[in-house]
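In what follows, a single structure is set out as structure tokens and then discussed.
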Amino acid sequence: MRVAPEALLLLLSTSSNAYVINRSVVSDSRWGSSLSSSQVRTNRHGSRMHSALLATTVAPASRTTPQMLVLPGGSDAFKNIIENSNQDAKIVRKVPAPLRKVVSVAAVPAAAVGGFLLTPSRRAIAGVVGGALSGVIGSIGKDRLDSAAVSAALPALAQVLLDNGIEGQATMDSVQKIQTNFGVSDEEFETMCTEVYRQYLVCMCNDPTTKTGDITELNKLASTLRLSNLSVGEAHAEAARDIFRLKATWTPEDELADPEHPDRMSIDKFLFLTERALRGSGETEEAFTYEMSRVSKAFGLSTKEIQNRCSAISKPFYLRALSSTRSKIDTGEISSDMLQRARNQLGINDWAARDMHISTYSNEVRSLLGTDKENEDDSFDAASLAFPEGALDRLQKLKDVLGLSDEDANYEIETETTPLFQATASSAFARAIEDSSQSSAVWEEISARQAQLGLSDEVTSSLVGNIAVQVVGEIFEEAVGFAKVNNAPKTMEVLDRALATKESVVDMLASSGNDDEAAINEKYFDANSQRSAVGFIPYPDRLRMYQIYYSSSLKKSKGGKELSAEQEENLSKFQVILGIEESTVLETIKNTCGPIVKNNMVMACKDILGPEYDDDLVVSLKKENEKLISNLRVPDSLVESYTRTCYSDSLGMVQNMAPGGIPGKEYVDKLAAIRDFLNMEIEEVHEGHLSAFGPAYKKSVVEAMGATGIIRPEFREPLSKLRMGLGVTEEAAESLFHEAVSEKMKPIVQKLVNEMERTLLTTQQLSQKRGMDMGEDMFQSGKPASGKLGIGAAGNLIGDCMNLVDFYQENDIGKKQVGMKSVEKKVKGEDGEEITETVEEPEYEQTFPVTALEIGGCDDESAEQLFRQFLVTCFTEQGPNVQRYEAAAPTFGSILGFDAERQEEISSTIGTMIYENYVNNVMRTKPSLDQQDMMFLANIQTKLNLSSEKSQELLVEAQKKNLRNEATNLFADLQSASGASLKAFRERCNSMGIDLQEDLNVSGDRLKAMLTIEMLEGINNGSITPESGDLLTEIQDSLGLTSEECEDALQTLITNLADGTLKNIGNEFRRGRDERAADEIKNLIKYASFLGGDLDLDVSDDMGQRIRGVYDSMDFTE
């Protein structure tokens, strides 16, 4: 760093050559007069201190003259260098530069050099000659002289610095001449200067006390020596090892841990100077970190520890500078730039500087206010303290110089002035609370105190608000204590005082004119804010206070049943102040006033149900109840809750008093009167009536069903009147009716299932299913299903099934009128002739709300078996009931719990079996179904209630299955099958629209085999010739083959036939039977005609000639 120290010195009010002697160094004045480098002494810490490190010298004086203590310093390094130079260096150093140049090229007798020293002359050559005359034996060689010259340069450099000082242009020029005069290279001279710097630094640290000029002193030396940053870093690294050896090697660790120990102070001083020198070099952060790591490694210290030690040295200097700034702030001599330069020189970072600036500013504030003075009783009169005139301007100047933000400066002022302001404001608040008429005067007093302390309106408002919150909050906190121990009188008393205090505070704050009452309440008395007068109180405690105040107010009211207007107003205010939610207020009213209102309503209902009931009684009770509800402010929602409870209780009393649970007309009328008293409509209590009288209605329905389970028409009207009298809705009555139906229907279904299982299952199967021994069953034959179509039926079940259908239909279960419809009817006219007229009839919708599956009468498997048997019976039954059974089938399926889709699914399983059996029987005798067969299947479709689509699907599947079985038999021995049989099978499939490959899953290879067999037979019998292209195309299309596949099959067939024929011809030729070969040659010619004569056969010339010879001799006249 190349920063002049003037700014720092001015701030510290210290001269540049002033020294500060540490008390740990000079505390012992009994030092010796001449301490050699080997002598040691012990300081007050008990450690050994090298006298060379103390570098003390006592000037010669008489025994009576006081001796002056000379502190060690960096210049001691120059003396040490000079004193420690060798003899040759001393000799050469005294030789003038011209002579050194001469002797640098030739050997000069040592006597000559000595003669020069003894015979000095202004002429160098004369000196040499004169010296040679008086020289002695021996000489100094050239190399030795050069080495001596280099060695002599170091003490010469030290001498120049000692004589001329370490700064100034003259000194710099002299330093440069040393290098020139002694013929030292740049690299050697840089090393020399680095060594001087190193020793100077070590000697500086012999004085453990850090001075303000030490940093500048080092910078000047480095500048004079023209050291590079690299050399400076090297010097500090080497010096670190020296300092550690001299100061830490023989010093105990506990003494090195003492910041005031001289050796520790020397080490810290070195670390501080090193950190400043490296920081001031302007190198990168990486370079600084590297150089500091070398130093930290030498001492075994972390970077953080080194930073802390440097800060411990730099901060006291800067604090002195800040203290000087305070004292000189009015002179204008100090500026923020000067402080910035001081921070840069001392290495004070921005964060540390900010903390010290804030502390300095705070001390100045306290000094101006007088709060920094200590009184005898350790207290002061807060009301009398204030800023003197001009203090705020002085603080503004100091803030600007220190570079503080308005926020930081205001905070420090507010921190010191707040207690003073609060003392005045608290006293003023107390007077305003005692006498609300003093509100305006009190606020004027507070405003005056604000001006004295220099507080802003915002801060004043906040402080006043805090005092207001505290004053009111303390009273509420006192009330909480009484509420927790259930001391209701004391709680109410303190709460009244809290309310009065709060209103006085609001009046006083409103008199300032800054805020209206609404804004004041929102700022300081909002219960949802933790900083309000009651926000700090937990909600349960606030609620407890409100509840106690409410109940206590009610007890003090007229008759304990009517709150006064003042009480209601106070309760409303407390609800807002304490932040009680509306729902909680209702709950409080419910808990406090609710029992009163509810008890009144219960007693009134009992009076109405009593023997003295009349219309006037109801009117009187109703007026009294409405007045009580109004006085106690019981909310409508709570009243509605009570009305439902009271009516429900009344229903219970009527139910208990009525015989059989069915009330007579008297109680029906009384219940109507209670509804009038409670302002309830019959629609609101249907649910209660259902709960109270529903069982009785259901019982009546069951009784009306009787043993048959069917309600006779004459009982339906009385049941309807009973329903209306009991207050049960039509929907609820229907639900009860369905429950009664379920109870009647369940055993019917279970009986059906038992009968079916007993009929269809063997004894062993029945025992296994029911888990019990069923014994012998004389009705179970155990034979398989029989009949024309392979199905059987249990005819004795159909009657019980129809009884279940009749039970459902005659009770109109699920039958609802949905409107009216127009129907044309034939009636007899006046003249006796039939005429057609249109009449309106009810239109009904049939649903099935009660099913066997839903009520648990059977499981899904049993239900399916029941429905299957019902359908089989419909199909097999002969007689007048067939149509009735068929019409009832969908109804019976729905009663079991099956929808239309599931019913059709079950019907289709039966239909599948019937269709398959019928189709198999028919196709044994004829190739396809005729019209009569289709009419028969249509009849089956009707009986099984199948849709046309489903019927067609079953028919196609039956045909496919039949043809699939035929195909299986046919393909079992395909090679022996005839072409005629294959043709007949193919044509039958085509007539039925059956695709061999897709519908019957016949593979492509089998289709080609069928084609080959049919073509082979046609070729052999002559039905297929080269001109039979249409026939081949027909066969190809019916088999679903492509033209390419058909051509390949034909070519392969012809090639194979031709090849076999050629072999037969050869065999005949070998046996000499040429005449028999003629027939084979004809076949060969026929085969060749299919391929245009090109059979691509391998025929030898001899064979060809013989075939041609036979061919030419053949007779083709036939």
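Each chain in the structure tokens gets a letter, A, B and so on, in the order shown; residues start at 1 in every chain, and ligands are counted from 1 in the order they appear.
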Margin query: Report as a PyMOL selection string all protein, DNA and RNA residues lying within 12 Å of Gln809 (chain A), evaluated on only C-alpha atoms, omitting residues in the same chain fewer than 3 positions from it.
Written below: chain A and resi 709-711+741+802-806+812-816+846-848+888+891-892+894-895
Note to self: Env of region 695-697 of chain A: 12 Å cut, atoms = only C-alpha atoms, seq-sep filter 5 positions within chain, self excluded. Answer as a VMD selection string.
What the structure shows: chain A and resid 655 658 to 663 689 to 690 702 to 704 718 to 730 732 to 737 739 to 740
Could the residues in this selection be saved with N, CA, C and O atoms as a CSV table (one decimal), in the first residue's frame?
chain,number,residue,atom,x,y,z
A,655,GLN,N,-96.2,-40.7,21.6
A,655,GLN,CA,-96.0,-42.1,21.3
A,655,GLN,C,-96.2,-43.0,22.5
A,655,GLN,O,-96.8,-44.1,22.4
A,658,ALA,N,-100.0,-42.9,23.5
A,658,ALA,CA,-101.0,-43.5,22.6
A,658,ALA,C,-101.0,-45.0,22.6
A,658,ALA,O,-100.0,-45.6,22.7
A,659,PRO,N,-102.2,-45.6,22.6
A,659,PRO,CA,-102.3,-47.1,22.6
A,659,PRO,C,-101.8,-47.6,21.3
A,659,PRO,O,-102.2,-47.2,20.2
A,660,GLY,N,-100.9,-48.6,21.4
A,660,GLY,CA,-100.4,-49.2,20.2
A,660,GLY,C,-99.4,-48.3,19.4
A,660,GLY,O,-99.1,-48.6,18.3
A,661,GLY,N,-99.1,-47.2,20.0
A,661,GLY,CA,-98.2,-46.2,19.3
A,661,GLY,C,-98.9,-45.4,18.2
A,661,GLY,O,-98.2,-44.7,17.5
A,662,ILE,N,-100.2,-45.5,18.1
A,662,ILE,CA,-100.9,-44.8,17.1
A,662,ILE,C,-101.8,-43.8,17.8
A,662,ILE,O,-102.7,-44.1,18.5
A,663,PRO,N,-101.5,-42.4,17.7
A,663,PRO,CA,-102.2,-41.4,18.4
A,663,PRO,C,-103.6,-41.2,17.9
A,663,PRO,O,-103.9,-41.4,16.7
A,689,HIS,N,-91.9,-37.6,12.7
A,689,HIS,CA,-93.1,-38.4,12.7
A,689,HIS,C,-92.8,-39.8,12.1
A,689,HIS,O,-93.3,-40.8,12.7
A,690,LEU,N,-92.0,-39.9,11.1
A,690,LEU,CA,-91.6,-41.2,10.6
A,690,LEU,C,-90.9,-42.0,11.7
A,690,LEU,O,-91.1,-43.2,11.8
A,702,VAL,N,-98.5,-54.7,7.4
A,702,VAL,CA,-98.3,-56.2,7.5
A,702,VAL,C,-99.6,-56.9,7.9
A,702,VAL,O,-100.0,-57.9,7.4
A,703,GLU,N,-100.3,-56.3,8.8
A,703,GLU,CA,-101.6,-56.8,9.3
A,703,GLU,C,-102.6,-56.8,8.1
A,703,GLU,O,-103.4,-57.7,7.9
A,704,ALA,N,-102.5,-55.7,7.3
A,704,ALA,CA,-103.5,-55.6,6.2
A,704,ALA,C,-103.2,-56.7,5.1
A,704,ALA,O,-104.1,-57.1,4.4
A,718,PRO,N,-108.2,-47.0,4.2
A,718,PRO,CA,-107.9,-46.8,5.6
A,718,PRO,C,-106.4,-46.6,5.8
A,718,PRO,O,-106.0,-45.8,6.7
A,719,LEU,N,-105.5,-47.3,5.1
A,719,LEU,CA,-104.1,-47.2,5.3
A,719,LEU,C,-103.6,-45.8,4.9
A,719,LEU,O,-102.7,-45.2,5.5
A,720,SER,N,-104.2,-45.2,3.8
A,720,SER,CA,-103.9,-43.9,3.4
A,720,SER,C,-104.3,-42.9,4.4
A,720,SER,O,-103.5,-41.9,4.7
A,721,LYS,N,-105.5,-43.0,5.0
A,721,LYS,CA,-105.9,-42.0,6.0
A,721,LYS,C,-105.0,-42.2,7.3
A,721,LYS,O,-104.6,-41.2,7.9
A,722,LEU,N,-104.6,-43.4,7.6
A,722,LEU,CA,-103.7,-43.6,8.7
A,722,LEU,C,-102.4,-42.9,8.5
A,722,LEU,O,-101.8,-42.2,9.4
A,723,ARG,N,-101.9,-43.0,7.3
A,723,ARG,CA,-100.6,-42.3,7.0
A,723,ARG,C,-100.7,-40.8,7.2
A,723,ARG,O,-99.8,-40.2,7.8
A,724,MET,N,-101.8,-40.2,6.7
A,724,MET,CA,-101.9,-38.8,6.8
A,724,MET,C,-102.0,-38.4,8.3
A,724,MET,O,-101.5,-37.4,8.7
A,725,GLY,N,-102.8,-39.2,9.1
A,725,GLY,CA,-102.9,-38.9,10.5
A,725,GLY,C,-101.6,-39.0,11.2
A,725,GLY,O,-101.4,-38.2,12.2
A,726,LEU,N,-100.8,-39.9,10.8
A,726,LEU,CA,-99.5,-40.1,11.5
A,726,LEU,C,-98.4,-39.1,11.1
A,726,LEU,O,-97.3,-39.0,11.6
A,727,GLY,N,-98.8,-38.3,10.0
A,727,GLY,CA,-97.8,-37.3,9.5
A,727,GLY,C,-96.7,-37.9,8.7
A,727,GLY,O,-95.6,-37.4,8.7
A,728,VAL,N,-96.9,-39.1,8.1
A,728,VAL,CA,-95.9,-39.8,7.3
A,728,VAL,C,-96.1,-39.4,5.9
A,728,VAL,O,-97.2,-39.5,5.4
A,729,THR,N,-95.0,-39.0,5.2
A,729,THR,CA,-95.1,-38.7,3.8
A,729,THR,C,-95.4,-39.9,2.9
A,729,THR,O,-95.2,-41.1,3.3
A,730,GLU,N,-95.8,-39.7,1.7
A,730,GLU,CA,-96.1,-40.8,0.7
A,730,GLU,C,-94.8,-41.5,0.4
A,730,GLU,O,-94.8,-42.8,0.4
A,732,ALA,N,-92.1,-41.8,2.4
A,732,ALA,CA,-91.8,-42.6,3.6
A,732,ALA,C,-92.7,-43.8,3.7
A,732,ALA,O,-92.3,-45.0,4.1
A,733,ALA,N,-94.0,-43.6,3.5
A,733,ALA,CA,-95.0,-44.7,3.6
A,733,ALA,C,-94.7,-45.8,2.6
A,733,ALA,O,-94.8,-47.0,2.8
A,734,GLU,N,-94.3,-45.4,1.4
A,734,GLU,CA,-93.9,-46.4,0.3
A,734,GLU,C,-92.7,-47.2,0.8
A,734,GLU,O,-92.6,-48.4,0.5
A,735,SER,N,-91.7,-46.5,1.4
A,735,SER,CA,-90.5,-47.2,1.8
A,735,SER,C,-90.9,-48.2,2.9
A,735,SER,O,-90.4,-49.3,2.9
A,736,LEU,N,-91.8,-47.8,3.8
A,736,LEU,CA,-92.3,-48.8,4.9
A,736,LEU,C,-93.0,-49.9,4.2
A,736,LEU,O,-92.9,-51.1,4.7
A,737,PHE,N,-93.8,-49.6,3.2
A,737,PHE,CA,-94.6,-50.7,2.5
A,737,PHE,C,-93.6,-51.7,1.9
A,737,PHE,O,-93.8,-52.9,2.0
A,739,GLU,N,-90.6,-52.3,2.9
A,739,GLU,CA,-90.0,-53.1,4.0
A,739,GLU,C,-90.9,-54.3,4.4
A,739,GLU,O,-90.5,-55.4,4.6
A,740,ALA,N,-92.2,-54.0,4.4
A,740,ALA,CA,-93.2,-55.0,4.8
A,740,ALA,C,-93.3,-56.1,3.7
A,740,ALA,O,-93.3,-57.3,3.9
Check: Near Gly332 (chain A), within 12 Å and counting only C-alpha atoms, which residues show up once chain neighbours fewer than 6 positions away are dropped, as a list in words?
Finding: Thr325, Arg326, Met338, Arg394, Lys397, Leu398, Asp400 and Val401 of chain A
Deliver the residues from the most recent selection as a file, using C-alpha atoms, as an mmCIF file, in the first residue's frame.
data_model
loop_
_atom_site.group_PDB
_atom_site.id
_atom_site.type_symbol
_atom_site.label_atom_id
_atom_site.label_comp_id
_atom_site.auth_asym_id
_atom_site.auth_seq_id
_atom_site.Cartn_x
_atom_site.Cartn_y
_atom_site.Cartn_z
ATOM 1 C CA THR A 325 -13.732 12.726 14.651
ATOM 2 C CA ARG A 326 -16.330 13.381 17.338
ATOM 3 C CA MET A 338 -10.319 10.848 5.398
ATOM 4 C CA ARG A 394 -24.126 18.343 15.061
ATOM 5 C CA LYS A 397 -22.827 16.381 10.434
ATOM 6 C CA LEU A 398 -21.508 13.364 12.270
ATOM 7 C CA ASP A 400 -22.749 12.419 7.071
ATOM 8 C CA VAL A 401 -19.079 12.029 7.961
#
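CA of Phe870 (chain A) sits 6.4 Å away from CA of Ile798 (chain A).
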Within 10 Å of Leu404 (chain A), counting only C-alpha atoms, which residues qualify if same-chain residues fewer than 6 places away don't, as a tab-separated table (two decimals) with C-alpha atoms, in the first residue's frame?
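The result, stored in out.tsv:
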chain	number	residue	atom	x	y	z
A	354	ARG	CA	-20.30	0.19	10.11
A	357	HIS	CA	-19.53	4.08	13.19
A	358	ILE	CA	-22.88	3.19	14.74
A	361	TYR	CA	-22.78	7.84	16.73
A	396	GLN	CA	-26.44	15.39	11.18
A	398	LEU	CA	-21.51	13.36	12.27
A	410	ASN	CA	-32.67	7.51	13.58
Margin query: Applying 9 Å and only C-alpha atoms, which residues near region 1044-1047 of chain A remain after dropping the ones on its own chain fewer than 3 positions away? List them as JSON, numbers by chain.
Written below: {"A": [1008, 1011, 1012, 1032, 1033, 1036, 1041, 1050, 1051, 1052]}
Please dump the current selection as a PDB file, in the first residue's frame; keep N, CA, C and O atoms.
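Saved as selection_22.pdb:
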ATOM      1  N   LYS A1008     -56.264 -74.911 -49.648  1.00  0.00           N
ATOM      2  CA  LYS A1008     -55.540 -75.248 -50.883  1.00  0.00           C
ATOM      3  C   LYS A1008     -55.616 -76.747 -51.179  1.00  0.00           C
ATOM      4  O   LYS A1008     -55.715 -77.172 -52.354  1.00  0.00           O
ATOM      5  N   LEU A1011     -58.933 -77.455 -52.726  1.00  0.00           N
ATOM      6  CA  LEU A1011     -58.914 -77.015 -54.120  1.00  0.00           C
ATOM      7  C   LEU A1011     -58.193 -78.043 -54.989  1.00  0.00           C
ATOM      8  O   LEU A1011     -58.659 -78.405 -56.080  1.00  0.00           O
ATOM      9  N   THR A1012     -57.058 -78.522 -54.485  1.00  0.00           N
ATOM     10  CA  THR A1012     -56.265 -79.473 -55.280  1.00  0.00           C
ATOM     11  C   THR A1012     -57.039 -80.768 -55.517  1.00  0.00           C
ATOM     12  O   THR A1012     -57.071 -81.310 -56.650  1.00  0.00           O
ATOM     13  N   LEU A1032     -63.236 -72.738 -62.280  1.00  0.00           N
ATOM     14  CA  LEU A1032     -62.122 -72.587 -61.334  1.00  0.00           C
ATOM     15  C   LEU A1032     -62.258 -71.291 -60.513  1.00  0.00           C
ATOM     16  O   LEU A1032     -61.939 -71.253 -59.325  1.00  0.00           O
ATOM     17  N   THR A1033     -62.691 -70.240 -61.174  1.00  0.00           N
ATOM     18  CA  THR A1033     -62.900 -68.967 -60.448  1.00  0.00           C
ATOM     19  C   THR A1033     -63.962 -69.111 -59.368  1.00  0.00           C
ATOM     20  O   THR A1033     -63.848 -68.573 -58.264  1.00  0.00           O
ATOM     21  N   GLN A1036     -62.463 -70.988 -56.552  1.00  0.00           N
ATOM     22  CA  GLN A1036     -61.514 -70.097 -55.864  1.00  0.00           C
ATOM     23  C   GLN A1036     -62.237 -69.131 -54.938  1.00  0.00           C
ATOM     24  O   GLN A1036     -61.867 -68.954 -53.773  1.00  0.00           O
ATOM     25  N   LEU A1041     -59.826 -68.012 -51.701  1.00  0.00           N
ATOM     26  CA  LEU A1041     -58.437 -67.970 -52.109  1.00  0.00           C
ATOM     27  C   LEU A1041     -58.232 -66.894 -53.159  1.00  0.00           C
ATOM     28  O   LEU A1041     -59.161 -66.512 -53.882  1.00  0.00           O
ATOM     29  N   LEU A1050     -52.835 -74.970 -59.212  1.00  0.00           N
ATOM     30  CA  LEU A1050     -53.064 -75.675 -60.474  1.00  0.00           C
ATOM     31  C   LEU A1050     -51.741 -76.074 -61.132  1.00  0.00           C
ATOM     32  O   LEU A1050     -51.576 -77.213 -61.607  1.00  0.00           O
ATOM     33  N   GLN A1051     -50.783 -75.147 -61.146  1.00  0.00           N
ATOM     34  CA  GLN A1051     -49.495 -75.445 -61.763  1.00  0.00           C
ATOM     35  C   GLN A1051     -48.787 -76.572 -61.024  1.00  0.00           C
ATOM     36  O   GLN A1051     -48.198 -77.463 -61.641  1.00  0.00           O
ATOM     37  N   THR A1052     -48.827 -76.508 -59.697  1.00  0.00           N
ATOM     38  CA  THR A1052     -48.180 -77.559 -58.908  1.00  0.00           C
ATOM     39  C   THR A1052     -48.841 -78.903 -59.181  1.00  0.00           C
ATOM     40  O   THR A1052     -48.162 -79.945 -59.330  1.00  0.00           O
TER      41      THR A1052
END
Next item on the list: Please provide as an MDAnalysis selection string all residues within 10 Å of Leu221 (chain A), with the sequence filter that same-chain residues fewer than 6 positions apart are discarded (counting only C-alpha atoms).
Entry: chainID A and resid 161 165:167 172 193 196:197 200:201 227
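As for CA of Asn84 (chain A) and CA of Gln159 (chain A), they are spaced 12.4 Å apart.
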Notebook entry, point to check: What is the distance between CA of Leu278 (chain A) and CA of Ala153 (chain A), in Å to one decimal?
Noted result: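 Calculated distance between CA of Leu278 (chain A) and CA of Ala153 (chain A) is 27.4 Å.
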Next item on the list: Could you give me, as an MDAnalysis selection string, each residue of region 645-829 of chain A that DSSP assigns to helix (DSSP H, G or I) when run on this structure's backbone?
Entry: chainID A and resid 645:657 659:661 665:677 682:705 713:726 730:760 763:770 795:810
